[in-house]
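Below is run-v3.pdb, which holds PDB, C-alpha atoms.
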MODEL        1
ATOM      1  CA  MET A1321      39.289   5.971  17.111
ATOM      2  CA  ALA A1322      38.414   9.620  16.497
ATOM      3  CA  PHE A1323      39.673   9.315  12.917
ATOM      4  CA  PHE A1324      37.600   6.186  12.385
ATOM      5  CA  GLY A1325      34.535   7.888  13.876
ATOM      6  CA  ASN A1326      34.904  10.899  11.599
ATOM      7  CA  LEU A1327      35.448   8.637   8.603
ATOM      8  CA  MET A1328      32.252   6.674   9.269
ATOM      9  CA  ASN A1329      30.301   9.872   9.949
ATOM     10  CA  ASN A1330      31.412  11.304   6.597
ATOM     11  CA  TYR A1331      30.606   7.993   4.947
ATOM     12  CA  PHE A1332      26.980   8.016   6.055
ATOM     13  CA  TYR A1333      26.193  11.723   6.458
ATOM     14  CA  GLY A1334      28.487  13.608   4.074
ATOM     15  CA  LYS A1335      31.390  15.970   4.511
ATOM     16  CA  GLN A1336      31.781  17.966   7.693
ATOM     17  CA  GLY A1337      32.529  21.656   7.710
ATOM     18  CA  LYS A1338      29.829  22.430   5.173
ATOM     19  CA  GLY A1339      27.697  25.104   6.779
ATOM     20  CA  ASP A1340      24.081  25.699   5.938
ATOM     21  CA  PHE A1341      23.328  28.059   3.079
ATOM     22  CA  THR A1342      22.675  31.649   4.070
ATOM     23  CA  LEU A1343      19.942  33.591   2.326
ATOM     24  CA  GLU A1344      22.549  35.319   0.171
ATOM     25  CA  ASN A1345      24.130  32.184  -1.262
ATOM     26  CA  LEU A1346      21.100  29.937  -1.716
ATOM     27  CA  PRO A1347      21.082  28.225  -5.131
ATOM     28  CA  GLN A1348      19.112  30.170  -7.721
ATOM     29  CA  ASN A1349      17.856  27.168  -9.715
ATOM     30  CA  ARG A1350      17.432  23.404  -9.575
ATOM     31  CA  ARG A1351      20.647  22.709 -11.441
ATOM     32  CA  GLN A1352      22.687  24.651  -8.896
ATOM     33  CA  LEU A1353      20.851  22.995  -6.012
ATOM     34  CA  PHE A1354      21.546  19.511  -7.403
ATOM     35  CA  GLY A1355      25.215  20.361  -7.900
ATOM     36  CA  GLU A1356      25.622  21.675  -4.358
ATOM     37  CA  VAL A1357      23.829  18.673  -2.842
ATOM     38  CA  LEU A1358      25.933  16.237  -4.861
ATOM     39  CA  LYS A1359      29.134  18.028  -3.853
ATOM     40  CA  VAL A1360      28.291  17.751  -0.170
ATOM     41  CA  ARG A1361      26.585  14.356  -0.099
ATOM     42  CA  TRP A1362      28.481  12.292  -2.685
ATOM     43  CA  SER A1363      30.501  10.394  -0.056
ATOM     44  CA  ALA A1364      27.433   9.732   2.111
ATOM     45  CA  MET A1365      25.733   8.189  -0.902
ATOM     46  CA  PHE A1366      28.117   5.208  -0.650
ATOM     47  CA  GLY A1367      26.554   4.261   2.687
ATOM     48  CA  VAL A1368      22.998   4.812   1.472
ATOM     49  CA  ASN A1369      23.701   2.724  -1.638
ATOM     50  CA  LEU A1370      25.078  -0.184   0.394
ATOM     51  CA  LEU A1371      22.146   0.023   2.810
ATOM     52  CA  TYR A1372      19.705  -0.207  -0.093
ATOM     53  CA  MET A1373      21.560  -3.048  -1.821
ATOM     54  CA  ILE A1374      21.088  -5.314   1.216
ATOM     55  CA  ILE A1375      17.481  -6.002   0.215
ATOM     56  CA  TRP A1376      18.586  -6.731  -3.367
ATOM     57  CA  ILE A1377      20.890  -9.615  -2.366
ATOM     58  CA  PRO A1378      18.340 -12.352  -3.320
ATOM     59  CA  ALA A1379      17.740 -10.707  -6.723
ATOM     60  CA  ILE A1380      21.494 -10.318  -7.312
ATOM     61  CA  ILE A1381      22.221 -13.951  -6.458
ATOM     62  CA  TRP A1382      19.323 -15.214  -8.590
ATOM     63  CA  SER A1383      20.420 -13.028 -11.509
ATOM     64  CA  PHE A1384      24.019 -14.219 -11.251
ATOM     65  CA  LEU A1385      22.963 -17.869 -11.254
ATOM     66  CA  ASN A1386      20.798 -17.378 -14.335
ATOM     67  CA  VAL A1387      23.399 -15.380 -16.251
ATOM     68  CA  TYR A1388      25.957 -18.088 -15.483
ATOM     69  CA  THR A1389      23.521 -20.820 -16.588
ATOM     70  CA  LEU A1390      22.669 -18.989 -19.800
ATOM     71  CA  PHE A1391      26.339 -18.311 -20.561
ATOM     72  CA  THR A1392      27.200 -21.968 -19.962
ATOM     73  CA  MET A1393      24.300 -23.091 -22.124
ATOM     74  CA  LEU A1394      25.292 -20.885 -25.058
ATOM     75  CA  THR A1395      29.048 -21.506 -24.965
ATOM     76  CA  ALA A1396      29.298 -25.203 -24.087
ATOM     77  CA  GLU A1397      30.721 -27.277 -26.922
ATOM     78  CA  GLY A1398      28.383 -29.893 -28.284
ATOM     79  CA  ALA A1399      25.563 -28.747 -26.007
ATOM     80  CA  ALA A1400      22.093 -29.517 -27.312
ATOM     81  CA  TYR A1401      19.615 -26.796 -26.491
ATOM     82  CA  THR A1402      16.687 -25.254 -28.300
ATOM     83  CA  ALA A1403      15.205 -21.776 -28.447
ATOM     84  CA  GLU A1404      12.467 -23.050 -26.147
ATOM     85  CA  ASP A1405      15.107 -23.967 -23.561
ATOM     86  CA  VAL A1406      16.378 -20.383 -23.587
ATOM     87  CA  HIS A1407      12.864 -18.938 -23.432
ATOM     88  CA  GLY A1408      12.009 -21.271 -20.571
ATOM     89  CA  LEU A1409      15.083 -20.151 -18.648
ATOM     90  CA  ILE A1410      14.200 -16.480 -19.148
ATOM     91  CA  ALA A1411      10.555 -17.013 -18.151
ATOM     92  CA  THR A1412      11.564 -18.890 -14.992
ATOM     93  CA  TYR A1413      14.083 -16.191 -14.132
ATOM     94  CA  LEU A1414      11.488 -13.414 -14.473
ATOM     95  CA  LEU A1415       8.905 -15.384 -12.483
ATOM     96  CA  ILE A1416      11.225 -15.907  -9.500
ATOM     97  CA  MET A1417      12.296 -12.269  -9.751
ATOM     98  CA  VAL A1418       8.739 -11.188  -8.901
ATOM     99  CA  PRO A1419       9.081 -11.868  -5.130
ATOM    100  CA  CYS A1420      12.743 -10.805  -5.214
ATOM    101  CA  VAL A1421      11.724  -7.373  -6.494
ATOM    102  CA  ALA A1422       8.516  -7.198  -4.427
ATOM    103  CA  ILE A1423      10.389  -7.284  -1.100
ATOM    104  CA  THR A1424      12.483  -4.234  -2.051
ATOM    105  CA  GLY A1425       9.579  -1.765  -1.755
ATOM    106  CA  PRO A1426       9.974  -0.776   1.917
ATOM    107  CA  PHE A1427      13.738  -0.264   1.532
ATOM    108  CA  ASN A1428      13.050   1.808  -1.580
ATOM    109  CA  ALA A1429      10.669   4.025   0.397
ATOM    110  CA  GLY A1430      13.219   4.450   3.188
ATOM    111  CA  VAL A1431      16.100   5.369   0.893
ATOM    112  CA  THR A1432      13.851   7.651  -1.153
ATOM    113  CA  TYR A1433      12.909   9.575   1.994
ATOM    114  CA  VAL A1434      16.546  10.143   2.958
ATOM    115  CA  LEU A1435      17.555  11.219  -0.546
ATOM    116  CA  ARG A1436      14.423  13.361  -0.932
ATOM    117  CA  ASN A1437      15.494  15.371   2.112
ATOM    118  CA  TRP A1438      19.054  15.673   0.857
ATOM    119  CA  ALA A1439      17.818  16.828  -2.551
ATOM    120  CA  ARG A1440      15.989  19.644  -0.737
ATOM    121  CA  ASP A1441      19.215  20.533   1.078
ATOM    122  CA  GLU A1442      17.648  19.372   4.324
ATOM    123  CA  HIS A1443      19.348  17.289   6.981
ATOM    124  CA  SER A1444      18.499  13.628   7.390
ATOM    125  CA  PHE A1445      19.570  11.093  10.008
ATOM    126  CA  VAL A1446      20.108   8.189   7.663
ATOM    127  CA  PHE A1447      19.286   5.205   9.851
ATOM    128  CA  SER A1448      16.476   6.695  11.940
ATOM    129  CA  ASP A1449      14.783   8.443   8.987
ATOM    130  CA  PHE A1450      15.189   5.325   6.870
ATOM    131  CA  LYS A1451      13.592   3.180   9.578
ATOM    132  CA  ASP A1452      10.710   5.616  10.134
ATOM    133  CA  ALA A1453       9.957   5.826   6.391
ATOM    134  CA  VAL A1454      10.004   2.034   6.073
ATOM    135  CA  LYS A1455       7.650   1.675   9.045
ATOM    136  CA  ALA A1456       5.230   4.305   7.737
ATOM    137  CA  ASN A1457       5.094   3.174   4.105
ATOM    138  CA  TRP A1458       5.853  -0.542   3.996
ATOM    139  CA  LYS A1459       2.362  -1.700   2.993
ATOM    140  CA  GLN A1460       1.883   0.654   0.056
ATOM    141  CA  SER A1461       5.503   0.341  -1.069
ATOM    142  CA  LEU A1462       5.181  -3.447  -1.216
ATOM    143  CA  VAL A1463       2.303  -3.099  -3.691
ATOM    144  CA  ILE A1464       4.318  -0.713  -5.881
ATOM    145  CA  SER A1465       7.356  -2.999  -5.883
ATOM    146  CA  LEU A1466       5.091  -5.988  -6.604
ATOM    147  CA  ILE A1467       3.914  -4.196  -9.750
ATOM    148  CA  ASP A1468       7.561  -3.515 -10.605
ATOM    149  CA  GLY A1469       8.279  -7.229 -10.312
ATOM    150  CA  ILE A1470       5.216  -8.510 -12.164
ATOM    151  CA  LEU A1471       5.397  -6.248 -15.229
ATOM    152  CA  PRO A1472       8.634  -7.660 -16.759
ATOM    153  CA  PHE A1473       7.292 -11.225 -16.441
ATOM    154  CA  LEU A1474       3.913 -10.182 -17.814
ATOM    155  CA  MET A1475       5.484  -8.282 -20.698
ATOM    156  CA  TYR A1476       7.718 -11.220 -21.664
ATOM    157  CA  THR A1477       4.861 -13.719 -21.428
ATOM    158  CA  CYS A1478       2.544 -11.555 -23.541
ATOM    159  CA  TRP A1479       5.313 -10.859 -26.033
ATOM    160  CA  ARG A1480       5.904 -14.597 -26.442
ATOM    161  CA  PHE A1481       2.196 -15.394 -26.715
ATOM    162  CA  TYR A1482       1.099 -12.572 -29.009
ATOM    163  CA  GLY A1483       4.342 -12.762 -30.974
ATOM    164  CA  GLY A1484       3.527 -16.362 -31.819
ATOM    165  CA  MET A1485       0.003 -15.397 -32.831
ATOM    166  CA  LEU A1486       1.239 -12.709 -35.226
ATOM    167  CA  ALA A1487       1.937 -15.430 -37.795
ATOM    168  CA  GLN A1488      -1.799 -16.096 -37.922
ATOM    169  CA  SER A1489      -3.105 -12.529 -37.804
ATOM    170  CA  SER A1490      -1.528  -9.076 -37.798
ATOM    171  CA  PHE A1491      -4.266  -8.012 -35.353
ATOM    172  CA  TYR A1492      -2.153  -9.337 -32.477
ATOM    173  CA  ILE A1493       0.293  -6.490 -32.956
ATOM    174  CA  VAL A1494      -2.281  -4.342 -31.118
ATOM    175  CA  PRO A1495      -2.205  -6.198 -27.758
ATOM    176  CA  THR A1496       1.566  -6.576 -28.108
ATOM    177  CA  ALA A1497       1.943  -2.818 -28.512
ATOM    178  CA  LEU A1498      -0.453  -2.153 -25.616
ATOM    179  CA  VAL A1499       1.514  -4.372 -23.238
ATOM    180  CA  LEU A1500       4.737  -2.662 -24.274
ATOM    181  CA  LEU A1501       3.138   0.769 -23.839
ATOM    182  CA  VAL A1502       1.840  -0.045 -20.349
ATOM    183  CA  THR A1503       5.283  -1.300 -19.314
ATOM    184  CA  ILE A1504       7.028   1.837 -20.602
ATOM    185  CA  VAL A1505       4.521   4.197 -18.974
ATOM    186  CA  TRP A1506       4.807   2.415 -15.635
ATOM    187  CA  SER A1507       8.617   2.403 -15.776
ATOM    188  CA  LEU A1508       8.436   6.202 -16.108
ATOM    189  CA  ALA A1509       5.612   6.743 -13.603
ATOM    190  CA  SER A1510       7.204   4.523 -10.949
ATOM    191  CA  MET A1511      10.009   7.081 -10.680
ATOM    192  CA  LEU A1512       7.439   9.404  -9.075
ATOM    193  CA  ALA A1513       5.507   6.769  -7.125
ATOM    194  CA  TYR A1514       7.966   6.395  -4.238
ATOM    195  CA  PRO A1515       8.693  10.140  -3.815
ATOM    196  CA  MET A1516       4.937  10.825  -3.873
ATOM    197  CA  LEU A1517       4.299   7.990  -1.421
ATOM    198  CA  ILE A1518       6.689   9.388   1.206
ATOM    199  CA  THR A1519       5.798  13.040   0.599
ATOM    200  CA  TYR A1520       1.979  13.065   0.646
ATOM    201  CA  ASP A1521      -0.656  11.328   2.735
ATOM    202  CA  LEU A1522      -2.554   9.679  -0.116
ATOM    203  CA  LYS A1523      -4.292   6.390  -0.756
ATOM    204  CA  LEU A1524      -2.312   3.985  -2.909
ATOM    205  CA  LYS A1525      -4.673   4.330  -5.879
ATOM    206  CA  ASP A1526      -4.189   8.104  -5.768
ATOM    207  CA  VAL A1527      -0.412   7.728  -5.599
ATOM    208  CA  ILE A1528      -0.445   5.521  -8.706
ATOM    209  CA  ARG A1529      -2.987   7.661 -10.575
ATOM    210  CA  ASN A1530      -1.227  10.953  -9.826
ATOM    211  CA  SER A1531       2.167   9.501 -10.717
ATOM    212  CA  ILE A1532       0.889   8.344 -14.092
ATOM    213  CA  LEU A1533      -0.958  11.595 -14.849
ATOM    214  CA  LEU A1534       1.981  13.782 -13.867
ATOM    215  CA  THR A1535       4.343  11.611 -15.919
ATOM    216  CA  LEU A1536       2.148  11.828 -19.017
ATOM    217  CA  ALA A1537       1.729  15.593 -18.557
ATOM    218  CA  LYS A1538       5.514  16.043 -18.514
ATOM    219  CA  LEU A1539       6.436  13.056 -20.674
ATOM    220  CA  PRO A1540       9.551  14.561 -22.358
ATOM    221  CA  PHE A1541      11.082  15.307 -18.949
ATOM    222  CA  ALA A1542      10.272  11.803 -17.713
ATOM    223  CA  VAL A1543      11.992  10.280 -20.748
ATOM    224  CA  ILE A1544      15.062  12.489 -20.248
ATOM    225  CA  ILE A1545      15.372  11.484 -16.592
ATOM    226  CA  LYS A1546      14.952   7.798 -17.425
ATOM    227  CA  LEU A1547      17.615   8.044 -20.136
ATOM    228  CA  ALA A1548      19.928   9.779 -17.654
ATOM    229  CA  THR A1549      19.647   6.783 -15.319
ATOM    230  CA  LEU A1550      20.470   4.461 -18.228
ATOM    231  CA  ALA A1551      23.505   6.422 -19.429
ATOM    232  CA  ILE A1552      26.139   4.437 -17.508
ATOM    233  CA  PRO A1553      25.032   0.932 -18.638
ATOM    234  CA  ALA A1554      24.549   2.260 -22.190
ATOM    235  CA  LEU A1555      28.091   3.649 -22.262
ATOM    236  CA  ALA A1556      29.459   0.431 -20.772
ATOM    237  CA  LEU A1557      27.639  -1.663 -23.361
ATOM    238  CA  GLY A1558      28.945   0.500 -26.185
ATOM    239  CA  LEU A1559      32.501   0.258 -24.871
ATOM    240  CA  ALA A1560      32.225  -3.517 -24.501
ATOM    241  CA  LEU A1561      30.950  -3.886 -28.070
ATOM    242  CA  LEU A1562      33.706  -1.684 -29.462
ATOM    243  CA  ILE A1563      36.487  -3.471 -27.556
ATOM    244  CA  PRO A1564      35.440  -7.108 -26.989
ATOM    245  CA  SER A1565      38.713  -7.923 -25.207
ATOM    246  CA  ILE A1566      37.717  -5.809 -22.181
ATOM    247  CA  GLN A1567      34.107  -6.962 -21.878
ATOM    248  CA  MET A1568      34.654  -8.809 -18.595
ATOM    249  CA  HIS A1569      36.546  -5.878 -17.077
ATOM    250  CA  VAL A1570      33.795  -3.455 -18.090
ATOM    251  CA  LEU A1571      31.162  -5.741 -16.582
ATOM    252  CA  MET A1572      33.045  -6.000 -13.287
ATOM    253  CA  VAL A1573      33.521  -2.220 -13.047
ATOM    254  CA  VAL A1574      29.867  -1.494 -13.797
ATOM    255  CA  VAL A1575      28.627  -4.087 -11.298
ATOM    256  CA  LEU A1576      30.940  -2.677  -8.617
ATOM    257  CA  LEU A1577      29.801   0.898  -9.286
ATOM    258  CA  TYR A1578      26.162  -0.098  -9.017
ATOM    259  CA  LEU A1579      26.783  -1.986  -5.784
ATOM    260  CA  VAL A1580      28.528   0.905  -4.028
ATOM    261  CA  TRP A1581      27.304   4.237  -5.479
ATOM    262  CA  VAL A1582      25.467   4.497  -8.805
ATOM    263  CA  VAL A1583      22.021   3.409  -7.576
ATOM    264  CA  ALA A1584      21.985   6.172  -4.951
ATOM    265  CA  PHE A1585      23.174   8.671  -7.564
ATOM    266  CA  HIS A1586      20.354   7.697  -9.910
ATOM    267  CA  LYS A1587      17.836   7.983  -7.079
ATOM    268  CA  LEU A1588      19.149  11.453  -6.233
ATOM    269  CA  ILE A1589      18.495  12.468  -9.841
ATOM    270  CA  VAL A1590      14.973  11.025  -9.665
ATOM    271  CA  VAL A1591      14.003  12.629  -6.337
ATOM    272  CA  SER A1592      15.379  15.982  -7.514
ATOM    273  CA  TYR A1593      13.162  15.677 -10.576
ATOM    274  CA  ALA A1594      10.211  14.654  -8.388
ATOM    275  CA  ASN A1595      10.779  17.592  -6.016
ATOM    276  CA  TRP A1596      10.650  19.982  -8.970
ATOM    277  CA  LEU A1597       7.398  18.507 -10.252
ATOM    278  CA  PHE A1598       5.715  18.390  -6.853
ATOM    279  CA  GLU A1599       6.751  21.891  -5.808
ATOM    280  CA  THR A1600       5.806  23.363  -9.182
ATOM    281  CA  TYR A1601       2.512  21.643  -9.952
ATOM    282  CA  LEU A1602       1.138  20.055  -6.764
ATOM    283  CA  ASN A1603       2.236  22.073  -3.733
ATOM    284  CA  PRO A1604       0.812  25.417  -4.979
ATOM    285  CA  GLN A1605      -2.613  23.746  -4.878
ATOM    286  CA  ILE A1606      -2.154  22.602  -1.266
ATOM    287  CA  GLU A1607      -2.619  25.192   1.445
ATOM    288  CA  GLY A1608       0.534  25.627   3.506
ATOM    289  CA  ALA A1609       2.709  23.389   1.297
ATOM    290  CA  ARG A1610       6.200  24.710   0.615
ATOM    291  CA  THR A1611       7.559  25.472  -2.839
ATOM    292  CA  ASN A1612      11.088  26.099  -4.148
ATOM    293  CA  ILE A1613      12.561  24.371  -1.107
ATOM    294  CA  GLY A1614      16.308  25.008  -0.869
ATOM    295  CA  LEU A1615      16.217  27.754  -3.512
ATOM    296  CA  ARG A1616      16.658  31.491  -3.229
ATOM    297  CA  PRO A1617      13.265  33.267  -3.077
ATOM    298  CA  GLU A1618      12.119  34.584  -6.441
ATOM    299  CA  ASN A1619      11.606  38.070  -4.967
ATOM    300  CA  TRP A1620      15.085  38.136  -3.434
ATOM    301  CA  ASP A1621      16.038  41.384  -5.188
ATOM    302  CA  ASP A1622      13.081  43.099  -3.545
ATOM    303  CA  VAL A1623      13.908  41.809  -0.069
ATOM    304  CA  THR A1624      16.028  43.747   2.379
ATOM    305  CA  TYR A1625      17.844  41.284   4.598
ATOM    306  CA  ILE A1626      18.500  42.331   8.208
ATOM    307  CA  PRO A1627      21.049  40.126   9.989
ATOM    308  CA  GLU A1628      19.983  38.866  13.395
ATOM    309  CA  ASP A1629      22.994  40.555  15.084
ATOM    310  CA  ASP A1630      21.608  43.969  14.068
ATOM    311  CA  GLU A1631      18.243  43.398  15.702
ATOM    312  CA  ASP A1632      17.546  45.197  18.981
TER     313      ASP A1632
ENDMDL
END
Output the file's structure as structure tokens, nothing else.
Amino acid sequence: MAFFGNLMNNYFYGKQGKGDFTLENLPQNRRQLFGEVLKVRWSAMFGVNLLYMIIWIPAIIWSFLNVYTLFTMLTAEGAAYTAEDVHGLIATYLLIMVPCVAITGPFNAGVTYVLRNWARDEHSFVFSDFKDAVKANWKQSLVISLIDGILPFLMYTCWRFYGGMLAQSSFYIVPTALVLLVTIVWSLASMLAYPMLITYDLKLKDVIRNSILLTLAKLPFAVIIKLATLAIPALALGLALLIPSIQMHVLMVVVLLYLVWVVAFHKLIVVSYANWLFETYLNPQIEGARTNIGLRPENWDDVTYIPEDDED
């Protein structure tokens, strides 16, 4: 029983025996801090990932059913289907995905809070902190996740509508480009929306506005972080295209990785990026807000450290 208890504790909270950093060995930069956090917390991220995936079960089931239907439609011998049938299937899929994605907001806020603390090298009680963050942010997070769910359906609908109108006038390339631009900007800004929501006491409109402005101000970094979260599916797709005979095996491995670990890993990357932005550009403007959390002080070389045991 003791072995099982230790195993579950490691699974949800990370490795034991990892003492807190002393002032002397604090990470000197964000890269070192991320590496140390990942080394200590990688096993706990399995539990966080599984906890988060619970709320995605409806979306996963709905996606599986539609992929199976589409695959059957395209591969069935003698099947009569039109391009409109395929477009109708995709539109219906995206429409039903709106509520499936919308309900994930509170869980996203809860997991973001836990991982935000870990990314700062701070302790977090997974279940209690998750529950408290969900309770405190569920209303605003539902609106953010609703936007996440609506945008793909809106983008596809506008692309279909304006794409059809392009044959009549090239002017319609303008609204098509605008819809695509809005979707891309939001996909980048939403990476900051949840960390900002659980970090600052702001109205929802301010969370959205600040997330967008900060993303646009540091657009190259936002693109790099987004590409980093897409690296695994991109590599899997490339491997599947190069070796068609292993496509099903690649798909199964990728799905399994996302179910048990990869989503939490991607979120750790995002919250680490958000912590850097907030502590560099926002916190210095807020009286009493901390900066460089988890990092060695910049003036460390000028500081004389006196151990507590030497104090009178």
Computed gap from CA of Glu1442 in chain A to CA of Leu1358 in chain A is 12.8 Å
Of the listed residues A:Ile1380, A:Leu1500, A:Ala1439, A:Ala1594, that which approaches Lys1359 in chain A most closely, counting all atoms listed in the file:
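That would be A:Ala1439, the residue with the smallest distance to Lys1359 in chain A.
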Under the PyMOL selection byres ((chain A and resi 1477-1480) around 9), which residues of this model are included? Write them out as a PDB file with C-alpha atoms, keeping the file's coordinate frame.
ATOM      1  CA  HIS A1407      12.864 -18.938 -23.432  1.00  0.00           C
ATOM      2  CA  ALA A1411      10.555 -17.013 -18.151  1.00  0.00           C
ATOM      3  CA  PRO A1472       8.634  -7.660 -16.759  1.00  0.00           C
ATOM      4  CA  PHE A1473       7.292 -11.225 -16.441  1.00  0.00           C
ATOM      5  CA  LEU A1474       3.913 -10.182 -17.814  1.00  0.00           C
ATOM      6  CA  MET A1475       5.484  -8.282 -20.698  1.00  0.00           C
ATOM      7  CA  TYR A1476       7.718 -11.220 -21.664  1.00  0.00           C
ATOM      8  CA  PHE A1481       2.196 -15.394 -26.715  1.00  0.00           C
ATOM      9  CA  TYR A1482       1.099 -12.572 -29.009  1.00  0.00           C
ATOM     10  CA  GLY A1483       4.342 -12.762 -30.974  1.00  0.00           C
ATOM     11  CA  GLY A1484       3.527 -16.362 -31.819  1.00  0.00           C
ATOM     12  CA  MET A1485       0.003 -15.397 -32.831  1.00  0.00           C
ATOM     13  CA  PRO A1495      -2.205  -6.198 -27.758  1.00  0.00           C
ATOM     14  CA  THR A1496       1.566  -6.576 -28.108  1.00  0.00           C
ATOM     15  CA  VAL A1499       1.514  -4.372 -23.238  1.00  0.00           C
ATOM     16  CA  LEU A1500       4.737  -2.662 -24.274  1.00  0.00           C
TER      17      LEU A1500
END
Run through the PyMOL selection byres ((chain A and resi 1349) around 10) on the given coordinates and return the selected residues as JSON, numbers by chain.
{"A": [1346, 1347, 1348, 1350, 1351, 1352, 1353, 1354, 1612, 1614, 1615, 1616, 1618]}
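Taking CA of Ala1513 in chain A as the reference point, CA of Ser1531 in chain A is found at 5.6 Å.
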For range 1576-1589 of chain A, please output as a short mmCIF file (atom, residue, chain, number, x, y, z; two decimals) with C-alpha atoms, keeping the file's coordinate frame all residues within 6 Å (counting only C-alpha atoms; exclusion window: fewer than 3 positions along the same chain).
data_model
loop_
_atom_site.label_atom_id
_atom_site.label_comp_id
_atom_site.auth_asym_id
_atom_site.auth_seq_id
_atom_site.Cartn_x
_atom_site.Cartn_y
_atom_site.Cartn_z
CA MET A 1365 25.73 8.19 -0.90
CA PHE A 1366 28.12 5.21 -0.65
CA ASN A 1369 23.70 2.72 -1.64
CA LEU A 1370 25.08 -0.18 0.39
CA LEU A 1435 17.56 11.22 -0.55
CA THR A 1549 19.65 6.78 -15.32
CA VAL A 1573 33.52 -2.22 -13.05
CA SER A 1592 15.38 15.98 -7.51
#
Run the PyMOL selection byres ((chain A and resi 1371) around 12) against the file shown and list the residues it catches, as a PyMOL selection string.
chain A and resi 1331-1332+1364-1370+1372-1377+1424+1427-1428+1430-1432+1434+1446-1447+1450-1451+1579-1581+1583-1584
If I take CA of Ser1363 in chain A and CA of Ala1379 in chain A, how far is one from the other in Å, to one decimal?
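CA of Ala1379 in chain A lies 25.5 Å from CA of Ser1363 in chain A.
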Would you place a box with edges along x, y and z of the file around all atoms of range 1544-1547 of chain A listed there, add 8 Å to each of its six sides, and report the centre and edge lengths in Å to one decimal, as JSON?
{"center_x": 16.3, "center_y": 10.1, "center_z": -18.4, "size_x": 18.7, "size_y": 20.7, "size_z": 19.7}
May I have the protein, DNA and RNA residues with any atom at most 9 Å from the point (5.4, -6.8, 6.2), counting all atoms listed in the file, written as a ChimeraX atom specification?
/A:1423,1426,1458-1459,1462
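Closest approach to Leu1409 in chain A among A:Ser1383, A:Asn1437, A:Ser1465, A:Thr1395 is made by A:Ser1383 (distances from all atoms listed in the file).
Minimum atom-to-atom distance to Asp1452 in chain A, evaluated using all atoms listed in the file, belongs to A:Ala1429 out of A:Leu1390, A:Ile1532, A:Ile1566, A:Ala1429.
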Provide range 1406-1443 of chain A of the preceding structure as a file containing C-alpha atoms, as a PDB file, in the first residue's frame.
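Ended up saving to selection.pdb:
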ATOM      1  CA  VAL A1406     -18.582  16.413 -47.551  1.00  0.00           C
ATOM      2  CA  HIS A1407     -18.983  20.133 -46.870  1.00  0.00           C
ATOM      3  CA  GLY A1408     -22.254  19.474 -45.075  1.00  0.00           C
ATOM      4  CA  LEU A1409     -20.601  16.860 -42.876  1.00  0.00           C
ATOM      5  CA  ILE A1410     -17.765  19.240 -41.981  1.00  0.00           C
ATOM      6  CA  ALA A1411     -20.150  22.128 -41.251  1.00  0.00           C
ATOM      7  CA  THR A1412     -22.317  19.936 -39.011  1.00  0.00           C
ATOM      8  CA  TYR A1413     -19.239  18.642 -37.214  1.00  0.00           C
ATOM      9  CA  LEU A1414     -17.959  22.165 -36.502  1.00  0.00           C
ATOM     10  CA  LEU A1415     -21.402  23.348 -35.381  1.00  0.00           C
ATOM     11  CA  ILE A1416     -21.803  20.563 -32.805  1.00  0.00           C
ATOM     12  CA  MET A1417     -18.214  21.136 -31.693  1.00  0.00           C
ATOM     13  CA  VAL A1418     -19.167  24.631 -30.500  1.00  0.00           C
ATOM     14  CA  PRO A1419     -20.834  23.427 -27.249  1.00  0.00           C
ATOM     15  CA  CYS A1420     -18.302  20.592 -26.936  1.00  0.00           C
ATOM     16  CA  VAL A1421     -15.467  23.124 -26.854  1.00  0.00           C
ATOM     17  CA  ALA A1422     -17.424  25.735 -24.868  1.00  0.00           C
ATOM     18  CA  ILE A1423     -17.772  23.474 -21.810  1.00  0.00           C
ATOM     19  CA  THR A1424     -13.989  23.003 -21.565  1.00  0.00           C
ATOM     20  CA  GLY A1425     -13.313  26.572 -20.375  1.00  0.00           C
ATOM     21  CA  PRO A1426     -13.533  26.022 -16.598  1.00  0.00           C
ATOM     22  CA  PHE A1427     -11.315  22.918 -16.768  1.00  0.00           C
ATOM     23  CA  ASN A1428      -8.860  24.895 -18.892  1.00  0.00           C
ATOM     24  CA  ALA A1429      -8.719  27.617 -16.233  1.00  0.00           C
ATOM     25  CA  GLY A1430      -8.165  25.046 -13.484  1.00  0.00           C
ATOM     26  CA  VAL A1431      -5.364  23.215 -15.278  1.00  0.00           C
ATOM     27  CA  THR A1432      -3.777  26.504 -16.333  1.00  0.00           C
ATOM     28  CA  TYR A1433      -3.634  27.623 -12.697  1.00  0.00           C
ATOM     29  CA  VAL A1434      -1.874  24.435 -11.593  1.00  0.00           C
ATOM     30  CA  LEU A1435       0.631  24.545 -14.450  1.00  0.00           C
ATOM     31  CA  ARG A1436       1.162  28.297 -14.014  1.00  0.00           C
ATOM     32  CA  ASN A1437       2.300  27.662 -10.443  1.00  0.00           C
ATOM     33  CA  TRP A1438       4.540  24.798 -11.499  1.00  0.00           C
ATOM     34  CA  ALA A1439       6.088  26.939 -14.237  1.00  0.00           C
ATOM     35  CA  ARG A1440       7.025  29.437 -11.508  1.00  0.00           C
ATOM     36  CA  ASP A1441       8.589  26.611  -9.496  1.00  0.00           C
ATOM     37  CA  GLU A1442       5.852  27.009  -6.909  1.00  0.00           C
ATOM     38  CA  HIS A1443       3.985  24.193  -5.212  1.00  0.00           C
TER      39      HIS A1443
END
